[in-house]
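Structure data follow from protein-v7.pdb (PDB, C-alpha atoms, pLDDT in the B column):
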```
ATOM      1  CA  MET A   1      38.991 -20.625 -12.411  1.00 38.00           C
ATOM      2  CA  PRO A   2      39.621 -20.494  -8.609  1.00 41.00           C
ATOM      3  CA  ASP A   3      36.687 -20.327  -6.248  1.00 42.00           C
ATOM      4  CA  VAL A   4      36.416 -16.763  -4.857  1.00 43.00           C
ATOM      5  CA  LYS A   5      34.233 -15.957  -1.869  1.00 46.00           C
ATOM      6  CA  THR A   6      31.968 -12.993  -2.393  1.00 46.00           C
ATOM      7  CA  SER A   7      29.987 -10.811  -0.023  1.00 45.00           C
ATOM      8  CA  LYS A   8      26.233 -10.201  -0.171  1.00 47.00           C
ATOM      9  CA  THR A   9      26.895  -7.336  -2.572  1.00 46.00           C
ATOM     10  CA  GLY A  10      28.832  -9.619  -4.890  1.00 45.00           C
ATOM     11  CA  ALA A  11      32.197  -7.936  -4.312  1.00 45.00           C
ATOM     12  CA  SER A  12      35.251 -10.108  -3.745  1.00 46.00           C
ATOM     13  CA  LYS A  13      36.410 -10.066  -0.136  1.00 50.00           C
ATOM     14  CA  GLY A  14      39.745  -8.311   0.340  1.00 51.00           C
ATOM     15  CA  LYS A  15      40.269  -7.767  -3.385  1.00 56.00           C
ATOM     16  CA  ALA A  16      39.812  -4.885  -5.751  1.00 57.00           C
ATOM     17  CA  SER A  17      36.554  -4.630  -7.610  1.00 54.00           C
ATOM     18  CA  LYS A  18      36.480  -4.792 -11.409  1.00 62.00           C
ATOM     19  CA  ARG A  19      37.099  -1.025 -11.545  1.00 66.00           C
ATOM     20  CA  GLY A  20      40.242  -1.351  -9.414  1.00 81.00           C
ATOM     21  CA  THR A  21      38.646   0.165  -6.297  1.00 86.00           C
ATOM     22  CA  PRO A  22      39.681  -1.799  -3.192  1.00 93.00           C
ATOM     23  CA  VAL A  23      36.862  -3.316  -1.169  1.00 95.00           C
ATOM     24  CA  CYS A  24      36.555  -3.871   2.570  1.00 95.00           C
ATOM     25  CA  PRO A  25      37.702  -7.388   3.573  1.00 94.00           C
ATOM     26  CA  ILE A  26      34.960  -7.539   6.240  1.00 94.00           C
ATOM     27  CA  CYS A  27      31.795  -6.454   4.418  1.00 95.00           C
ATOM     28  CA  GLY A  28      32.783  -6.006   0.745  1.00 93.00           C
ATOM     29  CA  LYS A  29      31.841  -2.313   0.478  1.00 95.00           C
ATOM     30  CA  PRO A  30      34.263   0.120  -1.206  1.00 95.00           C
ATOM     31  CA  ALA A  31      37.211   0.964   1.073  1.00 94.00           C
ATOM     32  CA  ASP A  32      37.543   4.411   2.634  1.00 93.00           C
ATOM     33  CA  ALA A  33      40.861   6.134   1.783  1.00 92.00           C
ATOM     34  CA  VAL A  34      41.425   7.102   5.439  1.00 93.00           C
ATOM     35  CA  LEU A  35      40.590   3.657   6.892  1.00 93.00           C
ATOM     36  CA  ARG A  36      41.964   1.569   4.037  1.00 93.00           C
ATOM     37  CA  PRO A  37      41.590  -1.364   3.577  1.00 95.00           C
ATOM     38  CA  PHE A  38      38.359  -1.016   5.562  1.00 96.00           C
ATOM     39  CA  CYS A  39      35.211   0.954   4.732  1.00 96.00           C
ATOM     40  CA  SER A  40      34.448   2.109   8.280  1.00 95.00           C
ATOM     41  CA  LYS A  41      35.772   2.230  11.833  1.00 96.00           C
ATOM     42  CA  ARG A  42      33.338  -0.562  12.695  1.00 97.00           C
ATOM     43  CA  CYS A  43      34.867  -2.946  10.142  1.00 96.00           C
ATOM     44  CA  ALA A  44      38.376  -2.029  11.321  1.00 96.00           C
ATOM     45  CA  ASP A  45      37.313  -2.820  14.906  1.00 96.00           C
ATOM     46  CA  VAL A  46      35.759  -6.137  13.837  1.00 96.00           C
ATOM     47  CA  ASP A  47      39.054  -7.102  12.201  1.00 95.00           C
ATOM     48  CA  LEU A  48      41.053  -6.047  15.279  1.00 95.00           C
ATOM     49  CA  HIS A  49      38.771  -8.117  17.526  1.00 94.00           C
ATOM     50  CA  ARG A  50      39.336 -11.151  15.301  1.00 94.00           C
ATOM     51  CA  TRP A  51      43.115 -10.784  15.792  1.00 92.00           C
ATOM     52  CA  PHE A  52      42.778 -10.330  19.568  1.00 93.00           C
ATOM     53  CA  SER A  53      40.402 -13.265  19.962  1.00 92.00           C
ATOM     54  CA  GLY A  54      42.740 -15.613  18.087  1.00 87.00           C
ATOM     55  CA  ARG A  55      40.485 -16.139  15.085  1.00 90.00           C
ATOM     56  CA  TYR A  56      43.361 -14.928  12.930  1.00 87.00           C
ATOM     57  CA  ALA A  57      46.840 -16.281  13.573  1.00 84.00           C
ATOM     58  CA  VAL A  58      50.193 -16.078  11.851  1.00 84.00           C
ATOM     59  CA  PRO A  59      51.768 -19.530  11.458  1.00 84.00           C
ATOM     60  CA  VAL A  60      55.207 -19.842  12.994  1.00 81.00           C
ATOM     61  CA  THR A  61      57.902 -22.405  12.355  1.00 79.00           C
ATOM     62  CA  GLU A  62      60.661 -22.741  14.887  1.00 72.00           C
ATOM     63  CA  ASP A  63      64.220 -23.878  14.323  1.00 70.00           C
ATOM     64  CA  GLU A  64      65.214 -27.246  15.720  1.00 61.00           C
ATOM     65  CA  GLU A  65      68.107 -25.575  17.560  1.00 63.00           C
ATOM     66  CA  GLU A  66      65.676 -23.324  19.428  1.00 69.00           C
ATOM     67  CA  ASP A  67      63.644 -26.374  20.425  1.00 66.00           C
ATOM     68  CA  GLU A  68      66.776 -28.132  21.712  1.00 67.00           C
ATOM     69  CA  ARG A  69      67.850 -25.072  23.731  1.00 71.00           C
ATOM     70  CA  ARG A  70      64.412 -24.868  25.341  1.00 71.00           C
ATOM     71  CA  GLU A  71      64.530 -28.538  26.268  1.00 71.00           C
ATOM     72  CA  ASP A  72      67.988 -28.071  27.832  1.00 70.00           C
ATOM     73  CA  GLY A  73      66.799 -24.979  29.742  1.00 66.00           C
ATOM     74  CA  ASP A  74      69.630 -22.908  28.281  1.00 55.00           C
ATOM     75  CA  ASP A  75      68.239 -19.573  27.069  1.00 55.00           C
ATOM     76  CA  THR A  76      71.617 -17.969  26.331  1.00 58.00           C
ATOM     77  CA  PRO A  77      72.520 -17.643  22.649  1.00 60.00           C
ATOM     78  CA  PRO A  78      75.600 -19.537  21.429  1.00 60.00           C
ATOM     79  CA  GLN A  79      78.786 -17.518  20.923  1.00 59.00           C
TER      80      GLN A  79
END
```

Please go through the file and, once you have read it, give me the structure as C-alpha cells.
Amino acid sequence: MPDVKTSKTGASKGKASKRGTPVCPICGKPADAVLRPFCSKRCADVDLHRWFSGRYAVPVTEDEEEDERREDGDDTPPQ
C-alpha cells in the first residue's frame, strides 16, 4: 500500500475522503463548493503564494532544436 501523507485531522491531502467529499490540499478540511478544491480563501491564498514564491514549479523539457537556436542567437522559426 503506498504511503499517503495525512493532515492533523487524518484526511488525505488533496484527495477525497472515504465518503467521496474532496478535502482541501492545504489543511485537509472538507472543500468548499465555491472555493474548490480549497476550504477557505485563506487556503487558496496560501496555495497561490506557494506558486508565486517558487515552492511549486512545473517541470519543463525543451527540444534540442530550441537549445541550438538559442545558442546560435537565431530566434526566428524555421520555414

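For the atom pair formed by CA of Phe38 (chain A) and CA of Pro22 (chain A), the distance is 8.9 Å, given to one decimal.
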
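Interatomic distance, CA of Cys27 (chain A) to CA of Cys43 (chain A): 7.4 Å.
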
For Asp32 (chain A): contacts at 10 Å, all atoms listed in the file, fewer than 3 positions along chain excluded, given as a PDB file with C-alpha atoms, in the coordinates of the input:
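Result written to result-v9.pdb:
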```
ATOM      1  CA  THR A  21      38.646   0.165  -6.297  1.00 86.00           C
ATOM      2  CA  PRO A  22      39.681  -1.799  -3.192  1.00 93.00           C
ATOM      3  CA  VAL A  23      36.862  -3.316  -1.169  1.00 95.00           C
ATOM      4  CA  CYS A  24      36.555  -3.871   2.570  1.00 95.00           C
ATOM      5  CA  LYS A  29      31.841  -2.313   0.478  1.00 95.00           C
ATOM      6  CA  LEU A  35      40.590   3.657   6.892  1.00 93.00           C
ATOM      7  CA  ARG A  36      41.964   1.569   4.037  1.00 93.00           C
ATOM      8  CA  PRO A  37      41.590  -1.364   3.577  1.00 95.00           C
ATOM      9  CA  PHE A  38      38.359  -1.016   5.562  1.00 96.00           C
ATOM     10  CA  CYS A  39      35.211   0.954   4.732  1.00 96.00           C
ATOM     11  CA  SER A  40      34.448   2.109   8.280  1.00 95.00           C
ATOM     12  CA  LYS A  41      35.772   2.230  11.833  1.00 96.00           C
TER      13      LYS A  41
END
```

Query raised in the report: What does the distance from CA of Pro30 (chain A) to CA of His49 (chain A) come to in Å, to one decimal?
Result: 21.0 Å

Could the centre and edge lengths of an axis-aligned box, enclosing all atoms of region 52-57 of chain A in the file with 6 Å extra on each side, be given in Å to one decimal as lines of an AutoDock Vina configuration file?
```
center_x = 43.6
center_y = -13.3
center_z = 16.4
size_x = 18.4
size_y = 18.0
size_z = 19.0
```
